[in-house]
>>> print(open('final-v4.txt').read())   # compact mmCIF, C-alpha atoms and all ligand atoms
# COMPACT_ATOMS: atom_id res chain seq x y z
CA MET A 1 210.59 -51.09 -16.17
CA THR A 2 207.77 -50.81 -13.65
CA ALA A 3 208.42 -48.49 -10.74
CA TYR A 4 207.23 -50.02 -7.46
CA LEU A 5 206.55 -48.09 -4.29
CA ALA A 6 206.22 -49.81 -0.91
CA LEU A 7 203.75 -48.45 1.67
CA GLU A 8 203.58 -49.49 5.32
CA SER A 9 200.63 -50.75 7.36
CA THR A 10 201.42 -49.80 10.98
CA LEU A 11 200.47 -46.22 10.23
CA ILE A 12 197.14 -47.60 9.02
CA SER A 13 196.43 -49.83 12.02
CA HIS A 14 198.19 -47.89 14.81
CA GLY A 15 199.01 -44.41 13.46
CA LEU A 16 195.62 -43.11 12.31
CA PRO A 17 192.06 -43.44 13.65
CA TYR A 18 189.34 -45.50 11.91
CA PRO A 19 187.78 -44.80 9.39
CA GLN A 20 190.25 -42.18 8.11
CA ASN A 21 192.94 -44.87 8.14
CA LEU A 22 191.13 -47.07 5.61
CA GLU A 23 190.24 -44.14 3.34
CA THR A 24 193.85 -43.01 3.56
CA ALA A 25 195.30 -46.43 2.75
CA ARG A 26 193.16 -46.57 -0.39
CA ARG A 27 193.85 -42.98 -1.38
CA LEU A 28 197.61 -43.44 -0.98
CA GLU A 29 197.56 -46.40 -3.35
CA ALA A 30 195.58 -44.32 -5.88
CA ILE A 31 198.01 -41.37 -5.56
CA ALA A 32 200.99 -43.68 -6.18
CA ARG A 33 199.34 -44.93 -9.40
CA GLU A 34 198.48 -41.40 -10.57
CA SER A 35 202.11 -40.47 -9.98
CA GLY A 36 203.41 -43.33 -12.12
CA ALA A 37 204.29 -46.08 -9.61
CA GLU A 38 202.71 -49.40 -8.66
CA PRO A 39 201.89 -49.30 -4.92
CA ARG A 40 202.68 -52.32 -2.77
CA THR A 41 201.26 -52.04 0.73
CA VAL A 42 203.24 -54.34 3.02
CA ALA A 43 201.89 -56.51 5.87
CA VAL A 44 202.03 -60.04 7.24
CA ILE A 45 198.91 -62.05 6.38
CA ASN A 46 198.49 -65.48 7.98
CA GLY A 47 202.24 -65.76 8.42
CA GLN A 48 203.06 -64.72 4.85
CA LEU A 49 205.30 -61.70 4.18
CA ARG A 50 203.31 -59.74 1.63
CA ALA A 51 203.99 -56.76 -0.62
CA GLY A 52 200.59 -55.98 -2.11
CA LEU A 53 197.28 -56.53 -0.33
CA THR A 54 193.73 -57.17 -1.48
CA GLY A 55 191.03 -54.64 -0.61
CA GLU A 56 189.69 -57.04 2.03
CA GLU A 57 193.08 -57.49 3.64
CA LEU A 58 193.58 -53.73 3.82
CA GLU A 59 190.13 -53.33 5.36
CA CYS A 60 190.87 -56.01 7.95
CA LEU A 61 194.11 -54.28 9.02
CA ALA A 62 192.37 -50.90 9.26
CA SER A 63 189.23 -51.98 11.11
CA THR A 64 190.32 -54.77 13.47
CA ALA A 65 191.01 -53.50 16.95
CA GLY A 66 194.23 -54.85 18.41
CA VAL A 67 195.93 -55.78 15.13
CA ARG A 68 199.51 -56.76 15.94
CA LYS A 69 202.27 -54.23 15.33
CA LEU A 70 205.13 -56.29 13.90
CA SER A 71 208.68 -55.05 14.09
CA ARG A 72 211.82 -56.94 13.08
CA ARG A 73 212.00 -59.12 16.18
CA ASP A 74 208.39 -60.24 15.68
CA LEU A 75 208.78 -61.50 12.09
CA PRO A 76 210.04 -65.04 12.83
CA ILE A 77 207.34 -65.48 15.46
CA ALA A 78 204.62 -64.17 13.13
CA VAL A 79 205.71 -66.56 10.37
CA ALA A 80 206.00 -69.59 12.66
CA ARG A 81 202.62 -68.91 14.24
CA GLY A 82 200.79 -67.83 11.08
CA TRP A 83 199.92 -64.41 12.50
CA THR A 84 198.40 -61.44 10.68
CA GLY A 85 199.81 -58.03 11.54
CA ALA A 86 200.83 -54.57 10.43
CA THR A 87 204.45 -53.82 9.58
CA THR A 88 206.49 -50.91 10.94
CA VAL A 89 208.99 -48.93 8.89
CA ALA A 90 211.68 -51.48 9.82
CA THR A 91 209.74 -54.57 8.74
CA THR A 92 208.25 -52.84 5.70
CA MET A 93 211.79 -52.01 4.52
CA TRP A 94 212.95 -55.58 5.02
CA ILE A 95 209.96 -57.16 3.26
CA ALA A 96 210.17 -54.60 0.42
CA ALA A 97 213.85 -55.51 -0.09
CA GLN A 98 212.94 -59.23 -0.21
CA HIS A 99 210.52 -58.35 -3.03
CA GLY A 100 213.09 -56.27 -4.93
CA ILE A 101 211.41 -52.94 -4.09
CA ARG A 102 213.86 -50.08 -3.51
CA VAL A 103 211.64 -47.11 -2.60
CA PHE A 104 209.15 -46.79 0.28
CA SER A 105 206.97 -43.86 1.37
CA THR A 106 205.72 -43.40 4.91
CA GLY A 107 204.74 -40.61 7.32
CA GLY A 108 207.41 -40.43 10.00
CA ILE A 109 210.14 -42.83 11.04
CA GLY A 110 210.79 -44.10 14.54
CA GLY A 111 214.01 -42.99 16.23
CA VAL A 112 215.76 -42.50 19.54
CA HIS A 113 213.16 -41.81 22.23
CA ARG A 114 213.69 -39.00 24.69
CA LEU A 115 214.94 -40.13 28.08
CA GLN A 116 212.36 -39.53 30.79
CA VAL A 117 214.69 -39.04 33.69
CA ALA A 118 212.05 -38.14 36.28
CA SER A 119 210.14 -41.41 36.16
CA GLY A 120 212.97 -43.65 35.10
CA ARG A 121 211.45 -44.52 31.72
CA TRP A 122 214.85 -45.93 30.84
CA GLN A 123 215.86 -49.43 30.09
CA VAL A 124 218.64 -50.80 32.17
CA ALA A 125 220.72 -53.43 30.43
CA GLY A 126 223.76 -54.96 32.05
CA GLY A 127 224.07 -52.04 34.41
CA ALA A 128 224.19 -49.56 31.54
CA ILE A 129 221.42 -47.13 30.78
CA ALA A 130 220.08 -47.39 27.27
CA ALA A 131 217.50 -45.28 25.52
CA ASP A 132 214.58 -46.85 23.66
CA VAL A 133 215.81 -46.93 20.05
CA SER A 134 213.35 -47.84 17.28
CA ALA A 135 214.26 -50.82 15.11
CA ASP A 136 213.68 -48.43 12.19
CA LEU A 137 217.18 -46.98 12.70
CA PRO A 138 219.27 -50.19 12.49
CA GLU A 139 217.08 -51.21 9.56
CA LEU A 140 218.05 -48.02 7.70
CA ALA A 141 221.67 -48.93 8.47
CA GLN A 142 221.47 -52.37 6.87
CA THR A 143 218.59 -52.73 4.38
CA PRO A 144 218.89 -51.13 0.92
CA VAL A 145 215.57 -49.29 0.69
CA ALA A 146 215.13 -45.52 0.32
CA VAL A 147 212.55 -44.19 2.79
CA ILE A 148 210.59 -41.02 2.03
CA CYS A 149 209.21 -39.43 5.21
CA ALA A 150 208.38 -36.06 6.79
CA GLY A 151 211.26 -36.50 9.22
CA ALA A 152 210.59 -37.73 12.72
CA LYS A 153 208.15 -36.38 15.29
CA ALA A 154 209.48 -34.29 18.10
CA ILE A 155 208.15 -36.99 20.48
CA LEU A 156 211.66 -38.32 19.76
CA ASP A 157 215.11 -37.01 20.51
CA LEU A 158 215.80 -35.60 17.04
CA PRO A 159 219.50 -34.71 17.50
CA ALA A 160 220.19 -38.21 18.90
CA THR A 161 218.25 -39.76 16.02
CA LEU A 162 220.36 -37.87 13.47
CA GLU A 163 223.56 -38.84 15.34
CA TYR A 164 222.60 -42.49 15.07
CA LEU A 165 222.01 -42.16 11.32
CA GLU A 166 225.38 -40.44 10.93
CA THR A 167 227.20 -43.15 12.89
CA TRP A 168 225.66 -45.88 10.74
CA GLY A 169 226.23 -44.18 7.41
CA VAL A 170 222.67 -43.33 6.43
CA PRO A 171 222.55 -40.26 4.15
CA VAL A 172 219.81 -37.82 5.24
CA VAL A 173 218.51 -35.94 2.21
CA GLY A 174 216.20 -32.91 2.36
CA TYR A 175 213.65 -32.89 -0.45
CA GLY A 176 213.16 -29.18 -1.16
CA THR A 177 214.53 -28.29 2.27
CA ASP A 178 217.84 -27.64 4.04
CA GLU A 179 216.45 -28.73 7.41
CA PHE A 180 215.41 -32.06 8.89
CA PRO A 181 211.60 -31.72 9.13
CA ALA A 182 209.82 -32.51 12.41
CA PHE A 183 206.64 -34.11 10.99
CA TYR A 184 203.91 -31.61 12.04
CA THR A 185 206.34 -28.75 11.49
CA ARG A 186 208.59 -28.07 8.49
CA CYS A 187 211.66 -27.15 10.50
CA SER A 188 213.64 -28.54 13.42
CA GLY A 189 216.70 -26.29 13.33
CA LEU A 190 218.77 -29.38 12.46
CA PRO A 191 220.50 -29.59 9.06
CA VAL A 192 220.24 -32.42 6.51
CA ASP A 193 223.33 -33.75 4.71
CA VAL A 194 222.23 -32.44 1.32
CA ARG A 195 219.27 -30.78 -0.30
CA VAL A 196 217.74 -32.07 -3.55
CA ASP A 197 214.92 -30.47 -5.53
CA THR A 198 214.10 -33.13 -8.12
CA PRO A 199 213.30 -36.86 -8.13
CA GLU A 200 216.29 -37.42 -10.44
CA GLU A 201 218.73 -35.96 -7.90
CA ALA A 202 217.31 -38.23 -5.18
CA ALA A 203 217.47 -41.30 -7.46
CA ALA A 204 221.11 -40.51 -8.31
CA ILE A 205 222.07 -40.68 -4.61
CA ILE A 206 220.18 -43.95 -4.07
CA GLU A 207 221.85 -45.52 -7.11
CA ALA A 208 225.31 -44.21 -6.19
CA LYS A 209 225.01 -45.79 -2.73
CA ARG A 210 224.13 -49.15 -4.29
CA LYS A 211 226.96 -48.97 -6.84
CA LEU A 212 229.46 -48.20 -4.08
CA GLY A 213 228.39 -51.39 -2.32
CA LEU A 214 227.48 -49.48 0.83
CA PRO A 215 224.85 -51.34 2.86
CA GLY A 216 221.63 -49.79 4.10
CA GLY A 217 219.17 -47.19 2.93
CA VAL A 218 218.83 -43.50 2.28
CA LEU A 219 216.45 -41.25 4.24
CA ILE A 220 214.68 -38.67 2.08
CA CYS A 221 212.80 -36.04 4.05
CA ALA A 222 209.99 -33.96 2.55
CA PRO A 223 208.40 -31.40 4.90
CA VAL A 224 204.64 -31.27 5.50
CA PRO A 225 202.99 -28.96 2.90
CA ALA A 226 203.10 -25.40 4.29
CA GLU A 227 199.32 -24.87 4.42
CA PHE A 228 198.92 -27.87 6.76
CA GLU A 229 201.86 -27.17 9.05
CA LEU A 230 201.03 -26.90 12.77
CA PRO A 231 202.41 -23.94 14.71
CA ALA A 232 205.50 -25.23 16.52
CA ASP A 233 204.26 -24.20 19.98
CA GLU A 234 200.95 -26.01 19.49
CA ALA A 235 202.68 -29.19 18.30
CA ASN A 236 205.25 -29.06 21.08
CA ALA A 237 202.66 -28.47 23.82
CA ALA A 238 200.73 -31.57 22.71
CA ILE A 239 203.95 -33.59 22.49
CA GLU A 240 205.05 -32.55 25.99
CA GLN A 241 201.67 -33.41 27.47
CA ALA A 242 201.50 -36.79 25.70
CA LEU A 243 205.04 -37.63 26.87
CA ALA A 244 204.19 -36.71 30.47
CA GLU A 245 201.08 -38.90 30.37
CA ALA A 246 202.98 -41.85 28.89
CA ASP A 247 205.48 -41.45 31.67
CA GLU A 248 202.85 -41.26 34.42
CA GLN A 249 200.98 -44.26 33.08
CA GLY A 250 204.16 -46.30 32.65
CA VAL A 251 203.61 -46.90 28.92
CA ARG A 252 206.61 -48.80 27.56
CA GLY A 253 208.12 -50.72 24.67
CA LYS A 254 206.17 -51.04 21.43
CA GLU A 255 203.11 -49.36 22.99
CA ILE A 256 204.83 -45.99 23.42
CA THR A 257 204.78 -44.79 19.81
CA PRO A 258 201.09 -45.66 19.14
CA PHE A 259 200.12 -44.18 22.54
CA LEU A 260 201.86 -40.87 21.82
CA LEU A 261 200.52 -40.63 18.26
CA ALA A 262 196.92 -41.26 19.34
CA ARG A 263 197.15 -38.82 22.25
CA ILE A 264 198.56 -36.04 20.05
CA VAL A 265 195.62 -36.43 17.64
CA GLN A 266 193.21 -36.11 20.61
CA LEU A 267 195.02 -33.09 22.01
CA THR A 268 195.30 -31.12 18.75
CA GLY A 269 192.02 -32.26 17.22
CA GLU A 270 191.56 -32.44 13.51
CA ARG A 271 194.52 -30.19 12.79
CA SER A 272 197.23 -32.74 13.47
CA LEU A 273 195.22 -35.38 11.66
CA ARG A 274 194.91 -33.14 8.59
CA ALA A 275 198.65 -32.44 8.71
CA ASN A 276 199.35 -36.17 8.96
CA LEU A 277 197.15 -36.95 5.94
CA ALA A 278 198.62 -34.10 3.87
CA LEU A 279 202.22 -35.13 4.51
CA LEU A 280 201.45 -38.77 3.75
CA GLU A 281 199.92 -37.86 0.40
CA ASN A 282 202.89 -35.63 -0.37
CA ASN A 283 205.38 -38.37 0.57
CA VAL A 284 203.62 -40.89 -1.66
CA ARG A 285 203.67 -38.46 -4.59
CA VAL A 286 207.36 -37.70 -4.08
CA GLY A 287 208.18 -41.40 -3.50
CA ALA A 288 206.39 -42.45 -6.69
CA GLN A 289 208.33 -39.85 -8.68
CA ILE A 290 211.62 -41.01 -7.17
CA ALA A 291 210.76 -44.68 -7.86
CA LYS A 292 210.08 -43.71 -11.49
CA ALA A 293 213.33 -41.80 -11.79
CA LEU A 294 215.23 -44.72 -10.25
CA ALA A 295 213.61 -47.21 -12.63
CA ALA A 296 214.60 -44.95 -15.54
CA ILE A 297 218.31 -44.97 -14.66
CA THR A 298 218.51 -48.66 -13.79
CA SER A 299 216.52 -50.24 -16.63
N1 LIG A 301 205.95 -42.25 13.56
C1 LIG A 301 204.89 -41.61 13.01
N2 LIG A 301 203.84 -42.35 12.58
C2 LIG A 301 203.83 -43.73 12.67
C3 LIG A 301 204.97 -44.39 13.25
C4 LIG A 301 206.01 -43.61 13.67
O1 LIG A 301 204.89 -40.40 12.92
O2 LIG A 301 202.84 -44.36 12.27
C5 LIG A 301 204.99 -45.89 13.31
C6 LIG A 301 205.81 -46.46 12.13
O3 LIG A 301 205.24 -47.68 11.72
C7 LIG A 301 207.18 -46.70 12.76
C8 LIG A 301 206.78 -47.15 14.14
O4 LIG A 301 207.96 -47.67 12.09
O5 LIG A 301 205.68 -46.32 14.49
C9 LIG A 301 207.92 -47.03 15.14
O6 LIG A 301 207.57 -47.69 16.33
P1 LIG A 301 208.69 -47.95 17.45
O7 LIG A 301 209.01 -46.60 18.00
O8 LIG A 301 208.00 -48.85 18.45
O9 LIG A 301 209.84 -48.61 16.77
MN MN A 302 210.99 -49.14 21.10
>>> encode(input="final-v4.txt", output="structure tokens", more="lines below")
Ligand code: PSU
Ligand code: MN
Amino acid sequence: MTAYLALESTLISHGLPYPQNLETARRLEAIARESGAEPRTVAVINGQLRAGLTGEELECLASTAGVRKLSRRDLPIAVARGWTGATTVATTMWIAAQHGIRVFSTGGIGGVHRLQVASGRWQVAGGAIAADVSADLPELAQTPVAVICAGAKAILDLPATLEYLETWGVPVVGYGTDEFPAFYTRCSGLPVDVRVDTPEEAAAIIEAKRKLGLPGGVLICAPVPAEFELPADEANAAIEQALAEADEQGVRGKEITPFLLARIVQLTGERSLRANLALLENNVRVGAQIAKALAAITS
């Protein structure tokens, strides 16, 4: 049975600068193949939900300024209007599931944003104060796709993000680690639910969740390779500055994540970019191996 691995496109169009994004998109597909899985990069092309893109389509998503970032709420609009756009973790999971794909590798997931009390970067709904919560989290709660990532960036509220996943029954698995990784850094001080050290162990958890009839996905966290890790104080200084600037400039909604990611690359220079590329490659390798192991126990 062929092992398929989904890859997302928002990290290509909004998470990495051109031209590294296009080179990376191509390299990730090649790494998946070398590691024994068929890559399926996900996007919406002219209103069609696609798993698998042509070289031209990939190039268009990487090089067109202002490509739409499509999250779950945007999908019906994109289909009705025939839009082309990049898919986030949430929409990539959903489209992968529609295509029968059960494993998906990305860089970092979205989560619960930190509350910026000073400026009031809060959303007030019905008199209550609600944090900005990425659609990636409810998607993990309901869509049966395993997501391999390097954790979540410390631009987010990591404890609150893990609390959400706990509430909604999403197992958080450390791949070769006991700690939830923080994207540029290998450690966050926060524990995962279980550590695995082989693709077979990860596949067994994914398959057990399906057999139990429990809805939703599994989050598998592989830390950035040690030689590319950023020192925690350097990463945190850039994150704090980017957050303060977003706050000052009133950046909100779906613009916040791309704004912070781009600003952190500028502030840390090539180092954060190299870390980002290294962890992506690692996640695709690990994801392909898990997809293979899962195909072996389900075929
Ligand atoms: N975190 C990263 N890199 C990324 C993203 C998040 O470290 O590229 C992207 C992913 O596509 C993710 C999206 O699904 O940002 C989350 O956006 P939001 O916070 O608006 O839900
Ligand atoms: Mn949001």
>>> closest_residue(input="final-v4.txt", among="A:Gly189, A:Pro199, A:Pro159, A:Pro19", to="Ala293 in chain A", atoms="all atoms listed in the file")
A:Pro199
>>> residues_near_ligand(input="final-v4.txt", ligand="ligand MN 302 (chain A)", cutoff="10 Å", atoms="only C-alpha atoms and all ligand atoms", output="PDB file with C-alpha atoms, keeping the file's coordinate frame")
ATOM      1  CA  SER A  71     208.680 -55.050  14.090  1.00  0.00           C
ATOM      2  CA  GLY A 110     210.790 -44.100  14.540  1.00  0.00           C
ATOM      3  CA  GLY A 111     214.010 -42.990  16.230  1.00  0.00           C
ATOM      4  CA  VAL A 112     215.760 -42.500  19.540  1.00  0.00           C
ATOM      5  CA  HIS A 113     213.160 -41.810  22.230  1.00  0.00           C
ATOM      6  CA  ALA A 131     217.500 -45.280  25.520  1.00  0.00           C
ATOM      7  CA  ASP A 132     214.580 -46.850  23.660  1.00  0.00           C
ATOM      8  CA  VAL A 133     215.810 -46.930  20.050  1.00  0.00           C
ATOM      9  CA  SER A 134     213.350 -47.840  17.280  1.00  0.00           C
ATOM     10  CA  ALA A 135     214.260 -50.820  15.110  1.00  0.00           C
ATOM     11  CA  ASP A 136     213.680 -48.430  12.190  1.00  0.00           C
ATOM     12  CA  ARG A 252     206.610 -48.800  27.560  1.00  0.00           C
ATOM     13  CA  GLY A 253     208.120 -50.720  24.670  1.00  0.00           C
ATOM     14  CA  LYS A 254     206.170 -51.040  21.430  1.00  0.00           C
ATOM     15  CA  GLU A 255     203.110 -49.360  22.990  1.00  0.00           C
ATOM     16  CA  ILE A 256     204.830 -45.990  23.420  1.00  0.00           C
ATOM     17  CA  THR A 257     204.780 -44.790  19.810  1.00  0.00           C
TER      18      THR A 257
END
>>> residues_around(input="final-v4.txt", residues="Ala154 in chain A", least_positions_apart="3", cutoff="9 Å", atoms="all atoms listed in the file", output="PDB file with C-alpha atoms, in the coordinates of the input")
ATOM      1  CA  ASP A 157     215.110 -37.010  20.510  1.00  0.00           C
ATOM      2  CA  LEU A 158     215.800 -35.600  17.040  1.00  0.00           C
ATOM      3  CA  ALA A 182     209.820 -32.510  12.410  1.00  0.00           C
ATOM      4  CA  PHE A 183     206.640 -34.110  10.990  1.00  0.00           C
ATOM      5  CA  TYR A 184     203.910 -31.610  12.040  1.00  0.00           C
ATOM      6  CA  SER A 188     213.640 -28.540  13.420  1.00  0.00           C
ATOM      7  CA  ALA A 235     202.680 -29.190  18.300  1.00  0.00           C
ATOM      8  CA  ASN A 236     205.250 -29.060  21.080  1.00  0.00           C
ATOM      9  CA  ILE A 239     203.950 -33.590  22.490  1.00  0.00           C
TER      10      ILE A 239
END
>>> residues_around(input="final-v4.txt", residues="Arg26 in chain A", least_positions_apart="4", cutoff="12 Å", atoms="only C-alpha atoms", output="NGL selection string")
:A and (7 or 9 or 12 or 19-22 or 30-33 or 39-41 or 53-59 or 62 or 281 or 284)
>>> closest_residue(input="final-v4.txt", among="A:Ile45, A:Thr64, A:Glu207, A:Leu219", to="Met93 in chain A", atoms="all atoms listed in the file")
A:Leu219
>>> closest_residue(input="final-v4.txt", among="A:Lys209, A:His99, A:Arg68, A:Arg27", to="ligand LIG 301 (chain A)", atoms="only C-alpha atoms and all ligand atoms")
A:Arg68
>>> closest_residue(input="final-v4.txt", among="A:Glu23, A:Asp233, A:Glu139, A:Glu8", to="ligand LIG 301 (chain A)", atoms="all atoms listed in the file")
A:Glu8
>>> closest_residue(input="final-v4.txt", among="A:Ala141, A:Leu28, A:Cys60, A:Leu261", to="Val286 in chain A", atoms="all atoms listed in the file")
A:Leu28
>>> atom_distance(input="final-v4.txt", atom1="CA of Val173 in chain A", atom2="CA of Ala202 in chain A")
7.8 Å
>>> atom_distance(input="final-v4.txt", atom1="CA of Gly100 in chain A", atom2="CA of Ala86 in chain A")
19.7 Å
>>> closest_residue(input="final-v4.txt", among="A:Asp247, A:Ser63, A:Ala296, A:Leu5", to="Ser35 in chain A", atoms="all atoms listed in the file")
A:Leu5
>>> atom_distance(input="final-v4.txt", atom1="CA of Asp74 in chain A", atom2="CA of His14 in chain A")
16.0 Å
>>> residues_around(input="final-v4.txt", residues="Ala146 in chain A", least_positions_apart="4", cutoff="6 Å", atoms="all atoms listed in the file", output="PyMOL selection string")
chain A and resi 103+217-219
>>> write_last_selection(input="final-v4.txt", atoms="C-alpha atoms", output="short mmCIF file (atom, residue, chain, number, x, y, z; two decimals), in the coordinates of the input")
data_model
loop_
_atom_site.label_atom_id
_atom_site.label_comp_id
_atom_site.auth_asym_id
_atom_site.auth_seq_id
_atom_site.Cartn_x
_atom_site.Cartn_y
_atom_site.Cartn_z
CA VAL A 103 211.64 -47.11 -2.60
CA GLY A 217 219.17 -47.19 2.93
CA VAL A 218 218.83 -43.50 2.28
CA LEU A 219 216.45 -41.25 4.24
#
>>> residues_near_point(input="final-v4.txt", point="(212.4, -41.1, 4.3)", cutoff="8 Å", atoms="all atoms listed in the file", output="list in words")
Phe104, Ser105, Thr106, Gly108, Ile109, Ala146, Val147, Ile148, Cys149, Ala150, Gly151, Val218, Leu219, Ile220, Cys221 and Ala222 of chain A
>>> axis_aligned_box(input="final-v4.txt", around="range 194-206 of chain A", padding_each_side="3 Å", output="lines of an AutoDock Vina configuration file")
center_x = 217.8
center_y = -37.2
center_z = -4.6
size_x = 14.9
size_y = 19.5
size_z = 17.8
>>> decode(input="final-v4.txt", residues="range 107-183 of chain A", atoms="C-alpha atoms", output="mmCIF file, in the first residue's frame")
data_model
loop_
_atom_site.group_PDB
_atom_site.id
_atom_site.type_symbol
_atom_site.label_atom_id
_atom_site.label_comp_id
_atom_site.auth_asym_id
_atom_site.auth_seq_id
_atom_site.Cartn_x
_atom_site.Cartn_y
_atom_site.Cartn_z
ATOM 1 C CA GLY A 107 6.831 23.204 10.515
ATOM 2 C CA GLY A 108 4.874 24.568 13.457
ATOM 3 C CA ILE A 109 1.182 24.571 14.281
ATOM 4 C CA GLY A 110 -0.915 27.574 15.185
ATOM 5 C CA GLY A 111 -2.254 27.763 18.741
ATOM 6 C CA VAL A 112 -3.564 30.054 21.439
ATOM 7 C CA HIS A 113 -2.064 33.517 20.965
ATOM 8 C CA ARG A 114 -0.666 35.390 23.929
ATOM 9 C CA LEU A 115 -2.975 38.051 25.306
ATOM 10 C CA GLN A 116 -1.560 41.529 24.796
ATOM 11 C CA VAL A 117 -3.122 43.216 27.762
ATOM 12 C CA ALA A 118 -1.416 46.593 27.356
ATOM 13 C CA SER A 119 -2.852 47.440 23.962
ATOM 14 C CA GLY A 120 -6.045 45.461 24.208
ATOM 15 C CA ARG A 121 -5.157 43.032 21.423
ATOM 16 C CA TRP A 122 -8.062 40.951 22.653
ATOM 17 C CA GLN A 123 -11.249 40.063 20.962
ATOM 18 C CA VAL A 124 -14.364 40.927 22.817
ATOM 19 C CA ALA A 125 -17.291 38.647 22.068
ATOM 20 C CA GLY A 126 -20.593 39.000 23.845
ATOM 21 C CA GLY A 127 -18.957 40.862 26.682
ATOM 22 C CA ALA A 128 -16.490 38.043 27.288
ATOM 23 C CA ILE A 129 -12.809 38.323 26.545
ATOM 24 C CA ALA A 130 -11.515 35.666 24.214
ATOM 25 C CA ALA A 131 -7.992 34.981 23.063
ATOM 26 C CA ASP A 132 -7.155 34.550 19.389
ATOM 27 C CA VAL A 133 -7.186 30.760 18.939
ATOM 28 C CA SER A 134 -5.906 29.273 15.674
ATOM 29 C CA ALA A 135 -8.342 27.098 13.730
ATOM 30 C CA ASP A 136 -5.523 24.520 13.759
ATOM 31 C CA LEU A 137 -6.518 23.497 17.300
ATOM 32 C CA PRO A 138 -10.214 22.644 16.745
ATOM 33 C CA GLU A 139 -9.148 20.908 13.540
ATOM 34 C CA LEU A 140 -6.815 18.639 15.527
ATOM 35 C CA ALA A 141 -9.792 17.940 17.803
ATOM 36 C CA GLN A 142 -12.058 16.757 14.989
ATOM 37 C CA THR A 143 -10.157 15.660 11.863
ATOM 38 C CA PRO A 144 -8.360 12.280 11.843
ATOM 39 C CA VAL A 145 -4.932 13.301 10.541
ATOM 40 C CA ALA A 146 -1.630 12.924 12.410
ATOM 41 C CA VAL A 147 0.408 16.140 12.262
ATOM 42 C CA ILE A 148 4.198 16.050 12.557
ATOM 43 C CA CYS A 149 5.595 19.413 13.669
ATOM 44 C CA ALA A 150 8.406 20.991 15.700
ATOM 45 C CA GLY A 151 5.891 22.083 18.327
ATOM 46 C CA ALA A 152 4.589 25.624 18.320
ATOM 47 C CA LYS A 153 6.546 28.873 18.324
ATOM 48 C CA ALA A 154 6.844 30.784 21.529
ATOM 49 C CA ILE A 155 5.001 33.647 19.762
ATOM 50 C CA LEU A 156 2.067 31.662 21.182
ATOM 51 C CA ASP A 157 0.939 30.880 24.691
ATOM 52 C CA LEU A 158 2.361 27.355 24.825
ATOM 53 C CA PRO A 159 0.819 26.233 28.148
ATOM 54 C CA ALA A 160 -2.632 27.443 26.989
ATOM 55 C CA THR A 161 -2.134 25.677 23.648
ATOM 56 C CA LEU A 162 -1.347 22.385 25.412
ATOM 57 C CA GLU A 163 -4.351 22.868 27.740
ATOM 58 C CA TYR A 164 -6.613 23.219 24.722
ATOM 59 C CA LEU A 165 -5.242 20.009 23.195
ATOM 60 C CA GLU A 166 -5.762 18.200 26.494
ATOM 61 C CA THR A 167 -9.360 19.414 26.815
ATOM 62 C CA TRP A 168 -10.177 18.235 23.292
ATOM 63 C CA GLY A 169 -8.480 14.857 23.576
ATOM 64 C CA VAL A 170 -5.544 15.344 21.224
ATOM 65 C CA PRO A 171 -2.586 13.134 22.227
ATOM 66 C CA VAL A 172 0.698 15.086 22.167
ATOM 67 C CA VAL A 173 3.559 12.735 21.338
ATOM 68 C CA GLY A 174 7.261 13.619 21.616
ATOM 69 C CA TYR A 175 9.331 12.079 18.841
ATOM 70 C CA GLY A 176 12.680 11.402 20.516
ATOM 71 C CA THR A 177 11.888 13.938 23.238
ATOM 72 C CA ASP A 178 10.108 14.187 26.599
ATOM 73 C CA GLU A 179 9.363 17.893 26.125
ATOM 74 C CA PHE A 180 7.050 19.859 23.867
ATOM 75 C CA PRO A 181 9.480 21.584 21.466
ATOM 76 C CA ALA A 182 9.216 25.343 20.859
ATOM 77 C CA PHE A 183 10.090 25.420 17.136
#
